[in-house]
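Coordinates from input-v9.tsv are shown below (TSV, C-alpha atoms and all ligand atoms).
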```
chain	number	residue	atom	x	y	z
B	1	MET	CA	99.13	131.18	130.91
B	2	VAL	CA	101.12	133.35	128.58
B	3	ALA	CA	104.58	134.61	129.54
B	4	GLY	CA	107.43	136.50	127.95
B	5	GLU	CA	108.86	139.95	127.35
B	6	SER	CA	106.45	142.79	126.87
B	7	GLY	CA	105.33	143.75	123.38
B	8	LEU	CA	105.59	140.24	121.92
B	9	GLY	CA	101.87	139.86	121.29
B	10	LYS	CA	100.72	137.87	124.32
B	11	THR	CA	97.54	139.86	124.88
B	12	THR	CA	96.88	139.88	121.13
B	13	PHE	CA	97.24	136.08	121.03
B	14	ILE	CA	94.65	135.67	123.79
B	15	ASN	CA	92.23	137.96	121.98
B	16	THR	CA	92.85	136.01	118.76
B	17	LEU	CA	91.97	132.78	120.59
B	18	PHE	CA	88.74	134.37	121.75
B	19	GLN	CA	87.83	135.41	118.25
B	20	THR	CA	88.61	132.03	116.69
B	21	GLY	CA	87.55	129.34	119.12
B	22	LEU	CA	86.71	130.47	122.61
B	23	LYS	CA	83.76	132.27	124.07
B	24	SER	CA	84.58	134.70	126.79
B	25	HIS	CA	82.62	135.40	129.90
B	26	VAL	CA	81.31	138.77	131.04
B	27	ASP	CA	84.62	140.00	132.39
B	28	ASN	CA	86.18	140.13	128.95
B	29	LYS	CA	83.88	142.99	127.95
B	30	THR	CA	85.17	145.21	130.70
B	31	ARG	CA	88.70	144.42	129.61
B	32	HIS	CA	88.05	145.60	126.09
B	33	ALA	CA	86.26	148.68	127.33
B	34	LYS	CA	89.26	149.67	129.38
B	35	GLY	CA	91.33	149.47	126.24
B	36	ILE	CA	94.57	149.00	128.10
B	37	ARG	CA	97.32	147.69	125.88
B	38	SER	CA	100.08	147.05	128.32
B	39	THR	CA	99.25	144.40	130.87
B	40	VAL	CA	100.25	145.64	134.29
B	41	GLU	CA	99.21	142.76	136.47
B	42	ILE	CA	98.23	139.12	136.24
B	43	ASP	CA	94.87	139.15	134.52
B	44	ILE	CA	92.55	136.13	134.57
B	45	VAL	CA	89.86	135.85	131.93
B	46	ARG	CA	87.25	133.15	132.11
B	47	ALA	CA	86.57	131.39	128.86
B	48	GLU	CA	84.21	128.76	127.60
B	49	LEU	CA	84.87	126.13	125.00
B	50	GLU	CA	81.99	124.43	123.27
B	51	GLU	CA	82.72	121.13	121.53
B	52	LYS	CA	79.74	119.21	120.21
B	53	ASP	CA	77.50	119.15	123.28
B	54	PHE	CA	80.23	119.61	125.83
B	55	LYS	CA	81.03	122.84	127.54
B	56	ILE	CA	84.41	123.32	129.14
B	57	ARG	CA	85.23	126.23	131.40
B	58	LEU	CA	88.79	127.46	131.37
B	59	ASN	CA	90.83	130.33	132.64
B	60	ILE	CA	93.25	132.25	130.49
B	61	ILE	CA	95.98	134.03	132.39
B	62	ASP	CA	97.60	137.09	130.86
B	63	THR	CA	100.77	138.29	132.56
B	64	PRO	CA	102.74	141.51	132.50
B	65	GLY	CA	105.70	141.34	130.18
B	66	PHE	CA	109.20	141.65	131.48
B	67	GLY	CA	112.37	142.68	129.78
B	68	ASP	CA	111.94	146.44	129.67
B	69	ASN	CA	113.02	146.98	133.25
B	70	VAL	CA	116.49	147.92	134.38
B	71	ASN	CA	116.43	144.91	136.66
B	72	ASN	CA	114.85	142.01	134.82
B	73	LYS	CA	116.01	139.51	137.34
B	74	ARG	CA	113.02	139.85	139.59
B	75	ALA	CA	110.51	140.87	136.93
B	76	PHE	CA	109.37	137.32	136.21
B	77	GLN	CA	109.21	136.32	139.87
B	78	PRO	CA	105.45	137.14	140.17
B	79	LEU	CA	104.76	134.50	137.49
B	80	ILE	CA	106.75	131.84	139.29
B	81	ASP	CA	105.06	132.80	142.56
B	82	PHE	CA	101.63	132.63	140.96
B	83	ILE	CA	102.23	129.08	139.70
B	84	ASP	CA	103.66	127.93	143.05
B	85	ASP	CA	100.85	129.63	144.97
B	86	GLN	CA	98.20	127.71	143.03
B	87	HIS	CA	99.89	124.41	143.82
B	88	ASP	CA	100.20	125.47	147.42
B	89	SER	CA	96.59	126.50	147.78
B	90	TYR	CA	95.42	123.29	146.12
B	91	MET	CA	97.59	121.25	148.46
B	92	LYS	CA	96.14	123.04	151.49
B	93	GLN	CA	92.61	122.44	150.24
B	94	GLU	CA	93.40	118.79	149.68
B	95	GLN	CA	94.24	118.46	153.33
B	96	GLN	CA	90.84	119.84	154.35
B	97	PRO	CA	87.97	117.46	155.09
B	98	THR	CA	85.57	119.27	152.71
B	99	ARG	CA	87.18	119.02	149.33
B	100	ALA	CA	84.13	119.22	147.14
B	101	GLU	CA	84.39	122.92	146.41
B	102	ALA	CA	88.15	123.02	145.98
B	103	LYS	CA	89.20	126.06	144.01
B	104	ASP	CA	91.72	124.99	141.42
B	105	LEU	CA	93.69	127.57	139.50
B	106	ARG	CA	96.73	125.39	138.84
B	107	VAL	CA	98.36	126.31	135.55
B	108	HIS	CA	98.13	123.47	133.03
B	109	ALA	CA	100.10	125.09	130.22
B	110	CYS	CA	102.41	128.07	129.95
B	111	LEU	CA	103.15	129.56	126.55
B	112	TYR	CA	106.56	131.20	126.55
B	113	PHE	CA	106.83	133.91	123.89
B	114	VAL	CA	110.21	134.24	122.19
B	115	ARG	CA	111.12	137.45	120.35
B	116	PRO	CA	111.41	136.81	116.58
B	117	THR	CA	115.04	137.90	116.34
B	118	GLY	CA	116.10	135.02	114.11
B	119	HIS	CA	119.20	134.62	116.29
B	120	SER	CA	118.75	132.46	119.36
B	121	LEU	CA	117.39	132.40	122.88
B	122	LYS	CA	118.65	135.10	125.19
B	123	PRO	CA	120.18	134.33	128.61
B	124	LEU	CA	117.05	135.79	130.22
B	125	ASP	CA	114.85	133.45	128.13
B	126	ILE	CA	116.91	130.47	129.20
B	127	GLU	CA	116.79	131.46	132.85
B	128	VAL	CA	113.02	132.01	132.88
B	129	MET	CA	112.28	128.92	130.80
B	130	LYS	CA	114.30	126.78	133.19
B	131	LYS	CA	112.35	128.11	136.15
B	132	LEU	CA	109.02	127.61	134.39
B	133	SER	CA	109.72	124.19	132.93
B	134	SER	CA	110.27	122.61	136.33
B	135	ARG	CA	106.85	123.86	137.47
B	136	VAL	CA	104.49	123.78	134.54
B	137	ASN	CA	103.93	122.33	131.05
B	138	LEU	CA	106.06	124.79	129.09
B	139	ILE	CA	105.28	125.43	125.43
B	140	PRO	CA	107.68	127.76	123.62
B	141	VAL	CA	106.30	129.92	120.80
B	142	ILE	CA	107.95	132.30	118.36
B	143	SER	CA	105.77	135.37	118.21
B	144	LYS	CA	105.08	137.61	115.21
B	145	ALA	CA	106.01	134.91	112.70
B	146	ASP	CA	104.97	137.35	109.96
B	147	THR	CA	108.19	139.28	110.55
B	148	LEU	CA	110.44	136.37	109.48
B	149	SER	CA	110.72	134.50	106.19
B	150	PRO	CA	109.88	130.76	106.13
B	151	LYS	CA	113.58	129.88	105.94
B	152	GLU	CA	114.45	132.22	108.80
B	153	ILE	CA	111.71	130.63	110.89
B	154	ASN	CA	113.00	127.13	110.19
B	155	ASP	CA	116.58	128.02	111.09
B	156	PHE	CA	115.42	129.91	114.18
B	157	LYS	CA	113.34	126.93	115.30
B	158	GLN	CA	116.31	124.60	114.93
B	159	ARG	CA	118.56	126.89	116.91
B	160	ILE	CA	115.99	127.24	119.69
B	161	ARG	CA	115.51	123.46	119.84
B	162	ALA	CA	119.27	122.99	120.09
B	163	VAL	CA	119.53	125.42	123.01
B	164	ILE	CA	116.57	123.82	124.76
B	165	GLU	CA	118.27	120.46	124.49
B	166	ALA	CA	121.73	121.69	125.49
B	167	GLN	CA	120.32	123.53	128.50
B	168	GLU	CA	118.17	120.55	129.44
B	169	ILE	CA	115.01	122.60	129.52
B	170	LYS	CA	112.13	120.15	129.88
B	171	ILE	CA	109.46	121.50	127.56
B	172	TYR	CA	106.05	119.91	127.04
B	173	SER	CA	106.00	117.19	124.40
B	174	PRO	CA	102.74	115.65	123.15
B	175	PRO	CA	102.74	111.92	123.96
B	176	ILE	CA	102.74	109.51	121.02
B	177	GLU	CA	99.93	106.97	121.34
B	178	THR	CA	101.27	103.67	120.08
B	179	ASP	CA	97.83	102.13	119.53
B	180	ASP	CA	96.39	104.93	117.40
B	181	GLU	CA	98.34	105.66	114.21
B	182	ALA	CA	96.38	108.78	113.24
B	183	SER	CA	96.81	110.44	116.60
B	184	ALA	CA	100.47	109.38	116.75
B	185	GLU	CA	101.00	111.05	113.38
B	186	HIS	CA	99.34	114.23	114.63
B	187	SER	CA	101.55	114.23	117.75
B	188	ARG	CA	104.69	113.83	115.62
B	189	LEU	CA	103.58	116.77	113.49
B	190	LEU	CA	103.05	118.88	116.61
B	191	ILE	CA	106.43	117.89	118.07
B	192	GLU	CA	108.22	118.79	114.80
B	193	SER	CA	106.61	122.23	114.84
B	194	ILE	CA	107.81	123.20	118.32
B	195	PRO	CA	108.52	126.08	118.97
B	196	PHE	CA	105.24	127.08	117.32
B	197	ALA	CA	105.65	130.15	115.13
B	198	ILE	CA	102.44	132.12	115.45
B	199	ILE	CA	100.72	135.22	114.16
B	200	GLY	CA	98.13	137.07	116.20
B	201	SER	CA	95.51	139.48	114.96
B	202	GLU	CA	92.23	140.74	116.35
B	203	THR	CA	90.92	142.03	113.05
B	204	LYS	CA	89.84	140.53	109.77
B	205	VAL	CA	91.32	141.60	106.46
B	206	ARG	CA	90.70	140.52	102.88
B	207	ASN	CA	93.28	138.07	101.47
B	208	ALA	CA	94.30	137.54	97.84
B	209	ASN	CA	91.31	135.22	97.26
B	210	GLY	CA	88.96	137.90	98.49
B	211	ASP	CA	88.14	136.02	101.72
B	212	LEU	CA	87.84	137.84	105.03
B	213	VAL	CA	90.39	136.27	107.36
B	214	PHE	CA	92.16	137.08	110.62
B	215	GLY	CA	95.50	138.43	109.52
B	216	ARG	CA	97.92	141.29	109.16
B	217	GLU	CA	98.04	143.37	106.03
B	218	TYR	CA	101.24	144.30	104.23
B	219	PRO	CA	101.82	146.15	100.97
B	220	TRP	CA	102.80	142.78	99.45
B	221	GLY	CA	99.99	140.70	100.90
B	222	VAL	CA	98.26	139.35	103.97
B	223	ALA	CA	99.86	137.20	106.68
B	224	GLU	CA	97.06	134.90	107.79
B	225	VAL	CA	96.60	133.63	111.34
B	226	GLU	CA	94.81	130.43	110.36
B	227	ASN	CA	96.81	129.60	107.25
B	228	GLU	CA	99.11	126.61	107.88
B	229	GLN	CA	101.61	128.00	105.35
B	230	HIS	CA	101.90	131.25	107.31
B	231	SER	CA	101.71	130.25	110.96
B	232	ASP	CA	101.43	127.36	113.43
B	233	PHE	CA	98.45	128.98	115.14
B	234	LEU	CA	96.03	126.17	114.24
B	235	LYS	CA	98.43	123.51	115.50
B	236	LEU	CA	98.92	125.32	118.77
B	237	ARG	CA	95.19	125.88	119.22
B	238	SER	CA	94.49	122.22	118.49
B	239	LEU	CA	97.09	121.13	121.04
B	240	LEU	CA	95.71	123.42	123.73
B	241	LEU	CA	91.99	123.09	123.23
B	242	ARG	CA	91.48	119.71	121.62
B	243	THR	CA	94.01	116.95	121.22
B	244	ASN	CA	96.19	117.51	124.28
B	245	MET	CA	93.95	119.24	126.80
B	246	LEU	CA	93.46	116.10	128.88
B	247	ASP	CA	97.14	115.25	128.80
B	248	LEU	CA	98.07	118.77	129.91
B	249	ILE	CA	95.70	118.43	132.87
B	250	LEU	CA	96.88	114.94	133.82
B	251	SER	CA	100.58	115.74	133.51
B	252	THR	CA	100.12	118.84	135.65
B	253	GLU	CA	98.58	116.65	138.32
B	254	GLU	CA	101.07	113.79	138.10
B	255	LEU	CA	104.28	115.57	137.30
B	256	HIS	CA	104.22	119.22	138.32
B	257	TYR	CA	101.86	119.08	141.26
B	258	GLU	CA	103.49	115.94	142.61
B	259	THR	CA	106.91	117.53	142.21
B	260	TYR	CA	105.71	120.53	144.15
B	261	ARG	CA	104.24	118.34	146.88
B	262	ALA	CA	107.37	116.21	147.13
B	263	LEU	CA	109.50	119.35	147.44
B	264	LYS	CA	107.20	120.90	149.98
B	265	LEU	CA	107.05	117.78	152.10
B	266	ASP	CA	110.82	117.22	151.94
B	267	ASN	CA	111.45	120.94	152.28
B	268	LYS	CA	113.99	120.68	149.48
B	269	SER	CA	115.84	123.49	147.81
B	270	GLU	CA	115.39	124.89	144.31
B	271	ASP	CA	118.30	122.76	143.13
B	272	SER	CA	116.67	119.44	143.85
B	273	ARG	CA	113.49	120.61	142.12
B	274	SER	CA	114.71	119.66	138.67
B	275	LYS	CA	116.15	116.41	139.99
B	276	ILE	CA	112.79	115.42	141.44
B	277	ALA	CA	111.04	116.53	138.27
B	278	LYS	CA	113.39	114.37	136.24
B	279	ARG	CA	112.73	111.42	138.49
B	280	PHE	CA	109.02	111.76	137.74
B	281	HIS	CA	109.73	112.21	134.06
B	282	ASN	CA	111.96	109.20	133.59
B	283	ASN	CA	110.68	106.70	136.11
B	284	PRO	CA	108.88	103.88	134.25
B	285	LYS	CA	106.74	103.39	137.34
B	286	PHE	CA	105.22	106.84	136.84
B	287	LYS	CA	104.71	106.16	133.17
B	288	GLU	CA	102.83	103.05	134.17
B	289	GLU	CA	100.76	104.97	136.69
B	290	GLU	CA	100.06	107.62	134.09
B	291	ASP	CA	98.81	104.99	131.65
B	292	GLN	CA	96.71	103.46	134.38
B	293	LEU	CA	95.21	106.83	135.26
B	294	LYS	CA	94.42	107.51	131.62
B	295	LYS	CA	92.79	104.12	131.28
B	296	TYR	CA	90.86	104.70	134.50
B	297	PHE	CA	89.67	108.05	133.14
B	298	THR	CA	88.51	106.61	129.82
B	299	ASP	CA	86.77	103.74	131.61
B	300	GLN	CA	85.01	106.19	133.89
B	301	VAL	CA	83.80	108.21	130.94
B	302	LYS	CA	82.58	105.05	129.23
B	303	ALA	CA	80.77	103.90	132.39
B	304	GLU	CA	79.12	107.32	132.75
B	305	GLU	CA	78.02	107.21	129.13
B	306	ALA	CA	76.51	103.75	129.63
B	307	ARG	CA	74.75	105.00	132.74
B	308	PHE	CA	73.28	107.93	130.85
B	309	ARG	CA	72.09	105.67	128.06
B	310	GLN	CA	70.40	103.43	130.65
B	311	TRP	CA	68.71	106.47	132.16
B	312	GLU	CA	67.57	107.59	128.75
B	313	GLN	CA	66.12	104.13	128.08
B	314	ASN	CA	64.38	104.11	131.46
B	315	ILE	CA	62.82	107.47	130.76
B	316	ILE	CA	61.60	106.30	127.35
B	317	ASN	CA	60.10	103.15	128.90
B	318	GLU	CA	58.42	105.19	131.60
B	319	ARG	CA	56.96	107.54	129.01
B	320	GLN	CA	55.59	104.59	127.06
B	321	ARG	CA	54.05	103.14	130.20
B	322	LEU	CA	52.44	106.45	131.10
B	323	ASN	CA	51.11	106.86	127.58
B	324	LEU	CA	49.53	103.40	127.77
B	325	ASP	CA	48.05	104.26	131.18
B	326	LEU	CA	46.67	107.45	129.76
B	327	GLU	CA	45.10	105.58	126.89
B	328	SER	CA	43.36	103.10	129.18
B	329	VAL	CA	42.12	105.88	131.47
B	330	GLN	CA	40.74	107.72	128.47
B	331	LEU	CA	39.04	104.52	127.36
B	332	GLN	CA	37.50	104.13	130.82
B	333	ILE	CA	36.24	107.71	130.75
B	334	LYS	CA	34.70	107.09	127.37
B	335	GLN	CA	32.97	103.95	128.63
B	336	LEU	CA	31.69	105.75	131.72
B	337	GLU	CA	30.38	108.59	129.57
B	338	GLU	CA	28.56	106.02	127.41
B	339	GLN	CA	27.05	104.52	130.53
B	340	ILE	CA	25.86	107.95	131.72
B	341	LYS	CA	24.32	108.57	128.32
B	342	ASP	CA	22.56	105.20	128.51
B	343	LEU	CA	21.30	105.90	132.01
B	344	ASN	CA	20.02	109.35	131.01
B	345	LEU	CA	18.22	107.83	128.06
B	346	LYS	CA	16.58	105.21	130.24
B	347	LYS	CA	15.60	107.95	132.76
B	348	GLY	CA	13.98	109.87	129.90
B	349	TYR	CA	11.86	106.92	128.87
B	350	LYS	CA	10.42	106.51	132.33
I	1	LIG	N1	103.65	141.87	113.25
I	1	LIG	C1	102.97	141.39	114.28
I	1	LIG	N2	102.62	142.20	115.28
I	1	LIG	C2	101.93	141.70	116.31
I	1	LIG	C3	101.54	140.34	116.37
I	1	LIG	N3	100.86	140.11	117.52
I	1	LIG	C4	100.80	141.30	118.16
I	1	LIG	N4	101.43	142.27	117.45
I	1	LIG	C5	101.58	143.68	117.79
I	1	LIG	O1	102.56	143.81	118.82
I	1	LIG	C6	102.22	144.85	119.72
I	1	LIG	C7	102.22	144.35	121.16
I	1	LIG	O2	101.20	143.40	121.33
I	1	LIG	P1	100.64	142.98	122.76
I	1	LIG	O3	99.64	141.92	122.50
I	1	LIG	O4	100.18	144.15	123.56
I	1	LIG	O5	101.93	142.38	123.44
I	1	LIG	P2	102.18	141.90	124.95
I	1	LIG	O6	102.88	142.98	125.65
I	1	LIG	O7	103.02	140.68	124.82
I	1	LIG	O8	100.82	141.59	125.54
I	1	LIG	C8	100.87	145.38	119.26
I	1	LIG	O9	101.07	146.53	118.49
I	1	LIG	C9	100.33	144.26	118.40
I	1	LIG	O10	99.45	144.73	117.40
I	1	LIG	C10	101.93	139.49	115.27
I	1	LIG	O11	101.67	138.28	115.22
I	1	LIG	N5	102.64	140.08	114.26
I	2	MG	MG	99.94	142.26	127.29
```

Take the structure in this file and express it as structure tokens.
Amino acid sequence: MVAGESGLGKTTFINTLFQTGLKSHVDNKTRHAKGIRSTVEIDIVRAELEEKDFKIRLNIIDTPGFGDNVNNKRAFQPLIDFIDDQHDSYMKQEQQPTRAEAKDLRVHACLYFVRPTGHSLKPLDIEVMKKLSSRVNLIPVISKADTLSPKEINDFKQRIRAVIEAQEIKIYSPPIETDDEASAEHSRLLIESIPFAIIGSETKVRNANGDLVFGREYPWGVAEVENEQHSDFLKLRSLLLRTNMLDLILSTEELHYETYRALKLDNKSEDSRSKIAKRFHNNPKFKEEEDQLKKYFTDQVKAEEARFRQWEQNIINERQRLNLDLESVQLQIKQLEEQIKDLNLKKGYK
């Protein structure tokens, strides 16, 4: 899900994702045809991700921006309601005896777009981010990074991080795997880059090297979407679609969904929400359970893979057996034909 004030490039970012890594389903065509720029309601686009031989279906949720209304207070409420509603509907389905076809639209990641002012977070940002972070994996991004200089971006990032810490906003942080140095290094790199400063563009332009790239053209040059020197787009895309997809899904289940359930069952107020969330965050028992669940998941995948390989082997063996059978049948036919020929010959002599 993308969230934030209107005009910050949320819809553009989604379209950029589609052009650089995702395939969209039929409904995206109608969206383009309509040519609407301002998003007026929550808009769900189905997407497909193809990695090696795996296909993953995902939903991308575009939301109307807020911030240009006289009363902003309630303008973000539909987003909060949407996230809660998905947890609620999943919880209801879980209580049903037939759970096989459960419809699951729980939000696994919410990108919060921050205006590239170079100053700091606004009170409205802080208020909305607090609400979101206790419900969903919140990932802050600085939009339109091409409008700030590298130094401005760095200072802005530091100021935003300081506010996030001071306000105790619990943003998503990629876990550091202690047993895998390469992936730990990647996670540290991602964590250092938060809030991701991104550039969005739906069109290709020619850069200084003469290559056609997604970017935005200025009299002095091209700001490139997929250039690590210009934007964190690649890092963010990697986090969302590759390295941290599983973790986003699992933490939604274990932290945010469980928080929602606990609140719902205890009928607790908004205030205790963050307390419960913190309990889940900090409790070593949950960390242990999380590790166990991850291990369980990997083991399951391994077992499935082994099962498939066994199947494959069985099929190969069966094919070999059938081929041998076929050969012997053909041999028999040949022999029978010979016999017929012999018999015919003998008949002719008589
Ligand atoms: N300079 C700059 N402009 C951008 C960028 N991304 C989007 N825009 C422009 O910002 C305007 C609003 O974008 P839109 O995606 O509709 O914003 P939304 O309201 O958040 O969905 C459009 O004119 C975009 O072309 C960016 O990375 N840099
Ligand atoms: Mg929009």

Which residues of segment 237-350 of chain B have any atom within 10 Å of an atom in segment 77-86 of chain B when counting only C-alpha atoms, and what is the closest pair of atoms for each, with the distance in Å to one decimal? Order the rows by chain and rising number and write it as a Markdown table.
```
| residue | atom | partner | partner_atom | distance |
| --- | --- | --- | --- | --- |
| B:His256 | CA | B:Asp84 | CA | 9.9 |
| B:Tyr257 | CA | B:Asp84 | CA | 9.2 |
| B:Tyr260 | CA | B:Asp84 | CA | 7.8 |
```

Find the distance between atom CA of Leu121 of chain B and atom CA of Gly215 of chain B and write it in Å to one decimal.
26.3 Å

Extract, using only C-alpha atoms, all DNA, RNA and protein residues at most 9 Å from segment 171-176 of chain B, discarding same-chain residues fewer than 5 positions from it, and format them as a PyMOL selection string.
chain B and resi 109+129+133-134+136-140+164+181+183-188+190-191+194+239+244+247-248

From the options B:Ser251, B:Glu258, B:Glu41, B:Lys347, which residue's atoms come nearest to Lys287 of chain B, counting all atoms listed in the file?
B:Ser251

9 Å shell around ligand LIG 1 (chain I) using all atoms listed in the file, listed as a PyMOL selection string:
chain B and resi 2-15+36-39+62-66+113+143-147+198-202+215-216+223+225

Please write the residues from the selection above to a file, keeping C-alpha atoms, as a PDB file, in the frame of the given file.
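Wrote it out as selection37.pdb, contents follow:
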```pdb
ATOM      1  CA  VAL B   2     101.120 133.350 128.580  1.00  0.00           C
ATOM      2  CA  ALA B   3     104.580 134.610 129.540  1.00  0.00           C
ATOM      3  CA  GLY B   4     107.430 136.500 127.950  1.00  0.00           C
ATOM      4  CA  GLU B   5     108.860 139.950 127.350  1.00  0.00           C
ATOM      5  CA  SER B   6     106.450 142.790 126.870  1.00  0.00           C
ATOM      6  CA  GLY B   7     105.330 143.750 123.380  1.00  0.00           C
ATOM      7  CA  LEU B   8     105.590 140.240 121.920  1.00  0.00           C
ATOM      8  CA  GLY B   9     101.870 139.860 121.290  1.00  0.00           C
ATOM      9  CA  LYS B  10     100.720 137.870 124.320  1.00  0.00           C
ATOM     10  CA  THR B  11      97.540 139.860 124.880  1.00  0.00           C
ATOM     11  CA  THR B  12      96.880 139.880 121.130  1.00  0.00           C
ATOM     12  CA  PHE B  13      97.240 136.080 121.030  1.00  0.00           C
ATOM     13  CA  ILE B  14      94.650 135.670 123.790  1.00  0.00           C
ATOM     14  CA  ASN B  15      92.230 137.960 121.980  1.00  0.00           C
ATOM     15  CA  ILE B  36      94.570 149.000 128.100  1.00  0.00           C
ATOM     16  CA  ARG B  37      97.320 147.690 125.880  1.00  0.00           C
ATOM     17  CA  SER B  38     100.080 147.050 128.320  1.00  0.00           C
ATOM     18  CA  THR B  39      99.250 144.400 130.870  1.00  0.00           C
ATOM     19  CA  ASP B  62      97.600 137.090 130.860  1.00  0.00           C
ATOM     20  CA  THR B  63     100.770 138.290 132.560  1.00  0.00           C
ATOM     21  CA  PRO B  64     102.740 141.510 132.500  1.00  0.00           C
ATOM     22  CA  GLY B  65     105.700 141.340 130.180  1.00  0.00           C
ATOM     23  CA  PHE B  66     109.200 141.650 131.480  1.00  0.00           C
ATOM     24  CA  PHE B 113     106.830 133.910 123.890  1.00  0.00           C
ATOM     25  CA  SER B 143     105.770 135.370 118.210  1.00  0.00           C
ATOM     26  CA  LYS B 144     105.080 137.610 115.210  1.00  0.00           C
ATOM     27  CA  ALA B 145     106.010 134.910 112.700  1.00  0.00           C
ATOM     28  CA  ASP B 146     104.970 137.350 109.960  1.00  0.00           C
ATOM     29  CA  THR B 147     108.190 139.280 110.550  1.00  0.00           C
ATOM     30  CA  ILE B 198     102.440 132.120 115.450  1.00  0.00           C
ATOM     31  CA  ILE B 199     100.720 135.220 114.160  1.00  0.00           C
ATOM     32  CA  GLY B 200      98.130 137.070 116.200  1.00  0.00           C
ATOM     33  CA  SER B 201      95.510 139.480 114.960  1.00  0.00           C
ATOM     34  CA  GLU B 202      92.230 140.740 116.350  1.00  0.00           C
ATOM     35  CA  GLY B 215      95.500 138.430 109.520  1.00  0.00           C
ATOM     36  CA  ARG B 216      97.920 141.290 109.160  1.00  0.00           C
ATOM     37  CA  ALA B 223      99.860 137.200 106.680  1.00  0.00           C
ATOM     38  CA  VAL B 225      96.600 133.630 111.340  1.00  0.00           C
TER      39      VAL B 225
END
```

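With all atoms listed in the file as the basis for measurement, B:Met1 is the residue among B:Ala166, B:Leu58, B:Met1, B:Ala197 that approaches ligand MG 2 (chain I) most closely.
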
Between atom CA of Gly118 of chain B and atom CA of Pro195 of chain B, what is the distance, to one decimal in Å?
12.7 Å

Figure out the distance between atom CA of Thr259 of chain B and atom CA of Gln96 of chain B, please, to one decimal in Å.
20.3 Å

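Here the question is which of B:Gln93, B:Ser193, B:Thr203, B:Gln229 gets nearest to Ser149 of chain B using all atoms listed in the file, and that residue is B:Gln229.
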
If you take every atom of segment 246-251 of chain B that the file lists and fit an axis-aligned box around them with 8 Å extra on each side, what centre and edge lengths come out in Å to one decimal, as AutoDock Vina command-line options?
```
--center_x 97.0 --center_y 116.9 --center_z 131.3 --size_x 23.1 --size_y 19.8 --size_z 21.0
```
